[in-house]
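Dumped structure.cif below, it's mmCIF, C-alpha atoms:
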data_coords
loop_
_atom_site.label_atom_id
_atom_site.label_comp_id
_atom_site.auth_asym_id
_atom_site.auth_seq_id
_atom_site.Cartn_x
_atom_site.Cartn_y
_atom_site.Cartn_z
CA MET A 3 -16.85 -85.59 -2.86
CA LEU A 4 -17.74 -82.43 -0.99
CA SER A 5 -21.24 -82.08 0.30
CA THR A 6 -23.51 -79.35 -1.02
CA LYS A 7 -23.47 -77.66 2.39
CA LEU A 8 -19.68 -77.56 2.50
CA ARG A 9 -19.44 -76.19 -1.03
CA LEU A 10 -21.83 -73.39 -0.14
CA SER A 11 -19.79 -72.54 2.97
CA ILE A 12 -16.56 -72.33 0.97
CA LEU A 13 -18.25 -70.14 -1.69
CA LEU A 14 -19.58 -67.80 0.98
CA VAL A 15 -16.13 -67.43 2.55
CA LEU A 16 -14.52 -66.67 -0.84
CA THR A 17 -17.24 -64.13 -1.65
CA LEU A 18 -16.73 -62.33 1.66
CA ALA A 19 -12.95 -62.29 1.19
CA ILE A 20 -13.19 -60.85 -2.34
CA GLY A 21 -15.67 -58.24 -1.16
CA ALA A 22 -13.36 -57.18 1.67
CA VAL A 23 -10.40 -56.79 -0.69
CA ALA A 24 -12.50 -54.74 -3.14
CA CYS A 25 -13.80 -52.53 -0.35
CA GLU A 26 -10.28 -51.94 0.97
CA LYS A 27 -9.04 -51.05 -2.53
CA LYS A 28 -11.96 -48.66 -3.02
CA GLN A 29 -11.16 -46.95 0.30
CA ASP A 30 -7.48 -46.64 -0.70
CA ASN A 31 -8.46 -45.07 -4.02
CA ALA A 32 -10.83 -42.71 -2.27
CA ALA A 33 -8.05 -41.68 0.10
CA GLU A 34 -5.68 -41.08 -2.81
CA GLU A 35 -8.31 -38.97 -4.59
CA ALA A 36 -8.98 -37.01 -1.42
CA VAL A 37 -5.28 -36.16 -1.17
CA ALA A 38 -4.81 -35.43 -4.88
CA GLN A 39 -7.94 -33.31 -5.40
CA PRO A 40 -6.81 -30.13 -3.60
CA ALA A 41 -3.49 -30.16 -5.47
CA GLU A 42 -5.29 -30.47 -8.80
CA GLU A 43 -7.62 -27.63 -7.90
CA ALA A 44 -4.69 -25.47 -6.86
CA ALA A 45 -2.92 -26.16 -10.15
CA GLU A 46 -6.02 -25.09 -12.10
CA GLU A 47 -6.66 -21.99 -10.02
CA LYS A 48 -5.86 -18.85 -12.05
CA PRO A 49 -3.97 -15.96 -10.50
CA ALA A 50 -5.92 -12.77 -9.98
CA GLU A 51 -5.85 -10.63 -13.08
CA LYS A 52 -4.57 -7.07 -12.94
CA PRO A 53 -7.01 -4.33 -13.90
CA ASP A 54 -6.99 -3.19 -17.51
CA PRO A 55 -3.69 -1.30 -17.80
CA GLY A 56 -5.42 1.17 -20.09
CA ALA A 57 -7.65 2.26 -17.22
CA LYS A 58 -6.55 4.05 -14.12
CA ALA A 59 -5.02 1.49 -11.79
CA ASP A 60 -6.35 2.94 -8.56
CA LYS A 61 -10.13 3.14 -8.84
CA ALA A 62 -10.60 4.50 -5.32
CA PRO A 63 -11.71 8.15 -5.55
CA HIS A 64 -9.20 10.58 -4.14
CA SER A 65 -7.62 13.90 -4.94
CA SER A 66 -5.55 13.86 -8.12
CA GLY A 67 -2.69 15.26 -6.06
CA ILE A 68 -2.35 12.11 -3.95
CA PRO A 69 -0.47 9.36 -5.80
CA GLY A 70 -0.72 6.58 -3.21
CA THR A 71 2.40 4.48 -2.56
CA MET A 72 5.71 3.73 -4.27
CA ASN A 73 4.32 0.29 -5.18
CA GLN A 74 1.44 2.04 -6.89
CA LEU A 75 3.89 4.23 -8.81
CA GLU A 76 5.81 1.18 -10.04
CA TRP A 77 2.67 -0.75 -10.95
CA ASP A 78 1.30 2.20 -12.91
CA GLN A 79 4.27 2.02 -15.29
CA ASP A 80 3.10 -1.40 -16.49
CA VAL A 81 1.26 -0.12 -19.55
CA PRO A 82 2.18 -2.17 -22.62
CA ASP A 83 2.39 -1.00 -26.21
CA VAL A 84 1.48 2.65 -25.67
CA THR A 85 2.59 4.92 -28.52
CA VAL A 86 2.39 8.69 -28.94
CA GLU A 87 2.76 10.64 -32.15
CA VAL A 88 2.52 14.37 -32.87
CA LEU A 89 0.54 14.89 -36.08
CA SER A 90 0.81 18.67 -36.16
CA PRO A 91 2.76 20.81 -36.15
CA LYS A 92 5.52 18.91 -37.90
CA ASN A 93 9.12 19.18 -36.78
CA ASP A 94 10.74 22.39 -38.11
CA GLU A 95 7.44 23.54 -39.61
CA VAL A 96 6.93 27.29 -40.01
CA LEU A 97 3.38 28.37 -39.15
CA GLU A 98 1.86 31.49 -40.67
CA SER A 99 0.41 32.77 -37.39
CA GLY A 100 0.52 32.12 -33.67
CA LYS A 101 -2.94 33.51 -32.99
CA GLU A 102 -4.45 30.00 -32.89
CA VAL A 103 -2.10 27.02 -33.17
CA THR A 104 -3.80 23.63 -33.47
CA LEU A 105 -1.92 20.73 -31.91
CA SER A 106 -2.94 17.24 -33.03
CA PHE A 107 -1.85 13.90 -31.59
CA SER A 108 -2.30 10.17 -31.97
CA VAL A 109 -2.20 8.16 -28.73
CA LYS A 110 -2.65 4.41 -29.07
CA ASN A 111 -3.29 1.69 -26.47
CA TYR A 112 -3.94 4.23 -23.73
CA ARG A 113 -7.43 5.40 -22.82
CA THR A 114 -7.87 9.04 -21.87
CA GLY A 115 -10.87 10.99 -20.63
CA LYS A 116 -12.11 12.93 -17.63
CA GLU A 117 -14.30 10.01 -16.53
CA ILE A 118 -11.18 7.90 -15.82
CA GLY A 119 -8.78 10.79 -15.25
CA GLN A 120 -6.04 9.73 -17.64
CA HIS A 121 -4.67 12.36 -20.01
CA VAL A 122 -1.55 13.65 -21.74
CA HIS A 123 0.75 16.39 -20.54
CA VAL A 124 1.34 19.02 -23.20
CA ILE A 125 4.22 21.44 -22.60
CA ILE A 126 4.85 24.48 -24.75
CA ASP A 127 8.42 25.78 -24.39
CA ASN A 128 9.17 25.37 -20.67
CA GLU A 129 5.81 26.50 -19.33
CA PRO A 130 3.80 24.36 -16.88
CA TYR A 131 2.05 21.47 -18.60
CA ILE A 132 -1.51 21.51 -19.91
CA ALA A 133 -3.51 18.41 -18.94
CA HIS A 134 -5.30 17.37 -22.15
CA TYR A 135 -7.97 14.77 -21.38
CA ASP A 136 -9.04 13.86 -24.92
CA ALA A 137 -5.70 12.91 -26.38
CA ASN A 138 -6.98 12.09 -29.87
CA GLU A 139 -8.73 15.44 -30.25
CA PRO A 140 -6.87 18.65 -31.23
CA LEU A 141 -5.74 21.16 -28.62
CA VAL A 142 -5.72 24.83 -29.60
CA ILE A 143 -3.02 27.13 -28.18
CA LYS A 144 -3.61 30.85 -28.54
CA ASP A 145 -1.32 33.84 -28.93
CA LEU A 146 2.06 32.21 -29.46
CA ALA A 147 4.72 34.85 -30.07
CA PRO A 148 6.62 34.89 -33.37
CA GLY A 149 9.76 32.76 -33.33
CA THR A 150 10.81 29.20 -32.45
CA HIS A 151 8.89 27.07 -29.95
CA THR A 152 9.02 23.55 -28.57
CA LEU A 153 6.21 21.11 -27.96
CA ARG A 154 6.60 18.17 -25.58
CA ILE A 155 3.91 15.55 -24.94
CA PHE A 156 3.65 12.35 -22.86
CA PRO A 157 0.80 10.37 -21.26
CA ALA A 158 0.00 10.61 -17.56
CA ARG A 159 -2.04 8.69 -15.03
CA HIS A 160 -5.06 10.19 -13.27
CA TYR A 161 -2.81 11.61 -10.52
CA HIS A 162 -0.33 12.98 -13.11
CA LEU A 163 2.38 10.31 -12.95
CA ALA A 164 4.20 10.35 -16.31
CA ILE A 165 4.24 7.08 -18.25
CA LYS A 166 7.89 6.42 -19.02
CA LYS A 167 8.01 3.04 -20.77
CA GLY A 168 7.81 2.68 -24.53
CA ASP A 169 7.55 5.17 -27.37
CA VAL A 170 5.54 7.66 -25.32
CA PHE A 171 7.52 10.92 -25.19
CA LYS A 172 7.72 13.25 -28.18
CA THR A 173 9.39 16.62 -28.73
CA VAL A 174 8.72 18.83 -31.75
CA VAL A 175 10.47 22.10 -32.59
CA PHE A 176 8.36 24.45 -34.72
CA HIS A 177 8.28 28.12 -35.67
CA VAL A 178 5.67 30.87 -35.74
CA GLU A 179 6.22 33.18 -38.73
CA LYS A 180 10.01 32.89 -38.46
CA LYS A 181 12.88 31.05 -36.78
CA SER A 182 14.52 32.55 -33.69
CA ASP A 183 18.21 33.34 -34.03
CA GLU A 184 18.80 32.97 -30.28
CA PHE A 185 17.16 29.54 -29.97
CA THR A 186 19.76 27.13 -28.55
CA PHE A 187 17.84 24.00 -27.53
CA ASP A 188 19.11 20.80 -29.18
CA PRO A 189 16.65 17.84 -28.86
CA SER A 190 19.43 15.36 -29.65
CA LYS A 191 21.37 16.29 -26.49
CA PRO A 192 20.50 15.47 -22.85
CA TYR A 193 17.56 17.43 -21.49
CA LEU A 194 15.16 17.41 -18.57
CA THR A 195 11.39 17.96 -18.62
CA TYR A 196 9.79 19.23 -15.41
CA SER A 197 6.30 17.79 -14.94
CA ARG A 198 5.06 17.88 -11.36
CA PRO A 199 4.25 19.58 -8.92
CA LYS A 200 2.64 22.73 -10.25
CA GLY A 201 -0.11 25.17 -9.34
CA SER A 202 -2.21 25.04 -6.18
CA TYR A 203 -3.13 22.21 -3.81
CA ASP A 204 -5.47 21.85 -0.87
CA ALA A 205 -4.14 20.84 2.53
CA GLU A 206 -5.13 17.18 2.10
CA SER A 207 -3.30 16.86 -1.23
CA ALA A 208 -0.24 18.56 0.24
CA LYS A 209 0.27 15.64 2.62
CA GLN A 210 1.80 13.68 -0.26
CA LEU A 211 2.88 15.60 -3.35
CA LEU A 212 4.32 13.92 -6.42
CA LEU A 213 7.57 15.25 -7.86
CA ASP A 214 7.92 13.86 -11.37
CA PHE A 215 9.97 14.59 -14.48
CA TYR A 216 11.14 13.17 -17.78
CA VAL A 217 14.74 12.56 -18.84
CA SER A 218 15.87 12.34 -22.47
CA ASN A 219 19.10 11.24 -24.17
CA MET A 220 20.82 10.19 -20.95
CA GLU A 221 20.99 7.56 -18.24
CA LEU A 222 20.80 8.82 -14.68
CA GLY A 223 23.56 7.43 -12.51
CA LYS A 224 25.81 6.97 -15.53
CA ASP A 225 25.65 10.22 -17.49
CA ALA A 226 23.89 12.59 -15.13
CA LYS A 227 22.02 13.22 -11.90
CA VAL A 228 18.91 15.21 -11.08
CA GLN A 229 19.01 17.68 -8.22
CA TYR A 230 15.71 18.71 -6.70
CA THR A 231 15.32 21.48 -4.18
CA VAL A 232 12.26 22.24 -2.07
CA ASN A 233 12.38 25.46 -0.08
CA GLY A 234 16.19 25.51 -0.18
CA LYS A 235 16.69 21.86 0.83
CA THR A 236 18.46 19.89 -1.92
CA ALA A 237 18.63 16.17 -2.67
CA GLU A 238 19.99 14.18 -5.63
CA LEU A 239 18.60 11.35 -7.71
CA ASP A 240 20.82 8.92 -9.63
CA LYS A 241 17.81 6.84 -10.76
CA TRP A 242 14.90 7.93 -12.89
CA THR A 243 12.14 7.64 -10.34
CA PRO A 244 9.35 9.89 -9.04
CA VAL A 245 9.54 11.28 -5.52
CA LEU A 246 6.82 11.50 -2.88
CA LEU A 247 7.53 14.79 -1.12
CA ASP A 248 7.06 15.29 2.60
CA ALA A 249 3.93 17.10 3.72
CA LEU A 250 4.05 20.85 3.11
CA PRO A 251 2.31 23.48 5.25
CA PRO A 252 -0.03 26.14 3.83
CA GLY A 253 1.67 28.92 1.88
CA GLU A 254 3.97 29.27 -1.11
CA HIS A 255 6.83 26.85 -1.76
CA GLU A 256 9.60 26.91 -4.34
CA VAL A 257 10.47 23.69 -6.16
CA GLU A 258 13.60 23.57 -8.31
CA LEU A 259 14.76 20.84 -10.67
CA LYS A 260 18.22 20.76 -12.22
CA LEU A 261 20.16 18.36 -14.46
CA VAL A 262 23.85 18.04 -13.57
CA ASP A 263 26.72 15.78 -14.60
CA MET A 264 28.24 13.22 -12.25
CA ASP A 265 30.53 15.92 -10.83
CA GLY A 266 27.59 18.18 -10.03
CA LYS A 267 28.17 20.65 -12.88
CA PRO A 268 25.07 21.95 -14.73
CA ILE A 269 24.23 20.40 -18.09
CA VAL A 270 22.99 23.24 -20.26
CA ASN A 271 20.55 22.81 -23.15
CA GLY A 272 18.42 25.76 -24.14
CA GLY A 273 17.29 26.60 -20.62
CA PHE A 274 15.27 23.39 -20.15
CA ASN A 275 17.61 21.71 -17.66
CA HIS A 276 17.03 24.13 -14.80
CA THR A 277 13.41 24.84 -13.91
CA LYS A 278 11.79 26.55 -10.93
CA ARG A 279 8.13 26.43 -9.98
CA THR A 280 6.27 28.16 -7.16
CA ILE A 281 3.40 26.09 -5.80
CA THR A 282 0.72 27.16 -3.33
CA ILE A 283 -0.78 25.11 -0.51
CA LYS A 284 -4.20 26.40 0.49
CA GLU A 285 -5.47 26.21 4.06
#

For the structure just supplied, provide its representation as structure tokens.
Amino acid sequence: MLSTKLRLSILLVLTLAIGAVACEKKQDNAAEEAVAQPAEEAAEEKPAEKPDPGAKADKAPHSSGIPGTMNQLEWDQDVPDVTVEVLSPKNDEVLESGKEVTLSFSVKNYRTGKEIGQHVHVIIDNEPYIAHYDANEPLVIKDLAPGTHTLRIFPARHYHLAIKKGDVFKTVVFHVEKKSDEFTFDPSKPYLTYSRPKGSYDAESAKQLLLDFYVSNMELGKDAKVQYTVNGKTAELDKWTPVLLDALPPGEHEVELKLVDMDGKPIVNGGFNHTKRTITIKE
């Protein structure tokens, strides 16, 4: 029979052995947790959210004539579910007078206002656009001549980049007092809408001017091309994309935009497919 002293010695040895095994296991578990924890945290980490697409994407203050980069231009097209509707005048409507014509719109899922810079471009006939900063309020146009007119509208970013995705571009043909016999524009056929540049720019803005336009009823590179000419120098686009023009010196400059077929022949539609603008760069 084992003595009491021997039994105590054996019990002590067993206790120490069990404690060592438990300690080793605890260390192993701790090591496993230390390795696994960063991976778990990384899996739970959320990607950075984009700014509200309804707000202007570039919040840094700068001249509205400076668009930024081509990446910025692509990002600024990511505006989901925007819709535009012309409430008045209605298509083919005959108005009694052109003295004061009230244009009304509905723009959904796109915030506008001078505080954020976003707006809609409103084009009467083929005149330079009007930047309308409260898109859900009427816009009054004065002294429209008797006859047939066109209205085109589409949303734009704070630096005037046209939004091109979704149901965002609308054209309405209406009449003041009477219809024009010589009116030849057909909104069901291919046509081009000149948007930008226009007007005057300071020297800083002229370092990077945005050339932008809208295409309707066609696919560039398949059905047509766009030729743009700046001061007599011509280039062609077979993709619907804005262009960042090279810096322009002070003075007047002529910008020309033309829609042509794949053989380079003009596509004619009521005079809209060939537009010239003279812009001014101030010193």

message = Assuming the chain letters and numbering stay as they are in my file, what does the PyMOL selection byres ((chain A and resi 268-281) around 10) actually select? List them as a PyMOL selection string.
response = chain A and resi 127-130+184-196+198-203+217+226-233+253-267+282-284

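Going from CA of Gly168 in chain A to CA of Gln210 in chain A covers 27.3 Å.
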
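For the residues A:Ala158, A:Val96, A:Leu153, A:Val86, ranking by smallest atom-to-atom distance to Val175 in chain A using all atoms listed in the file places A:Leu153 first.
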
ask   = Of the residues A:Ile126, A:Leu250, A:Ile118, A:Ile155, which is the one nearest to Val88 in chain A, using only C-alpha atoms?
value = A:Ile155

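Here the question is which of A:Asp183, A:Asp145, A:Asp78, A:Asp204 gets nearest to His160 in chain A using only C-alpha atoms, and that residue is A:Asp78.
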
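For the residues A:Leu247, A:Val103, A:Ala133, A:Leu213, ranking by smallest atom-to-atom distance to Lys116 in chain A using all atoms listed in the file places A:Ala133 first.
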
ask   = Which residues match the PyMOL selection byres ((chain A and resi 97) around 9) in the file above, as a PyMOL selection string?
value = chain A and resi 91+95-96+98-100+103+176-180

message = Residues near Ser108 in chain A, anyone? I mean within 10 Å using all atoms listed in the file, not counting same-chain ones fewer than 4 positions away, as number ranges by chain.
response = A: 85-90, 137-140

Nearest to Ala249 in chain A by atom-to-atom distance, counting all atoms listed in the file, from A:Ala208, A:Ser197, A:Glu285, A:His123 = A:Ala208

request  = Quote the spacing between CA of Gly223 in chain A and CA of Pro82 in chain A in Å to one decimal place.
outcome  = 25.5 Å

query = By how many Å are CA of Pro252 in chain A and CA of Ile132 in chain A apart?
reply =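 It comes out at 24.2 Å.
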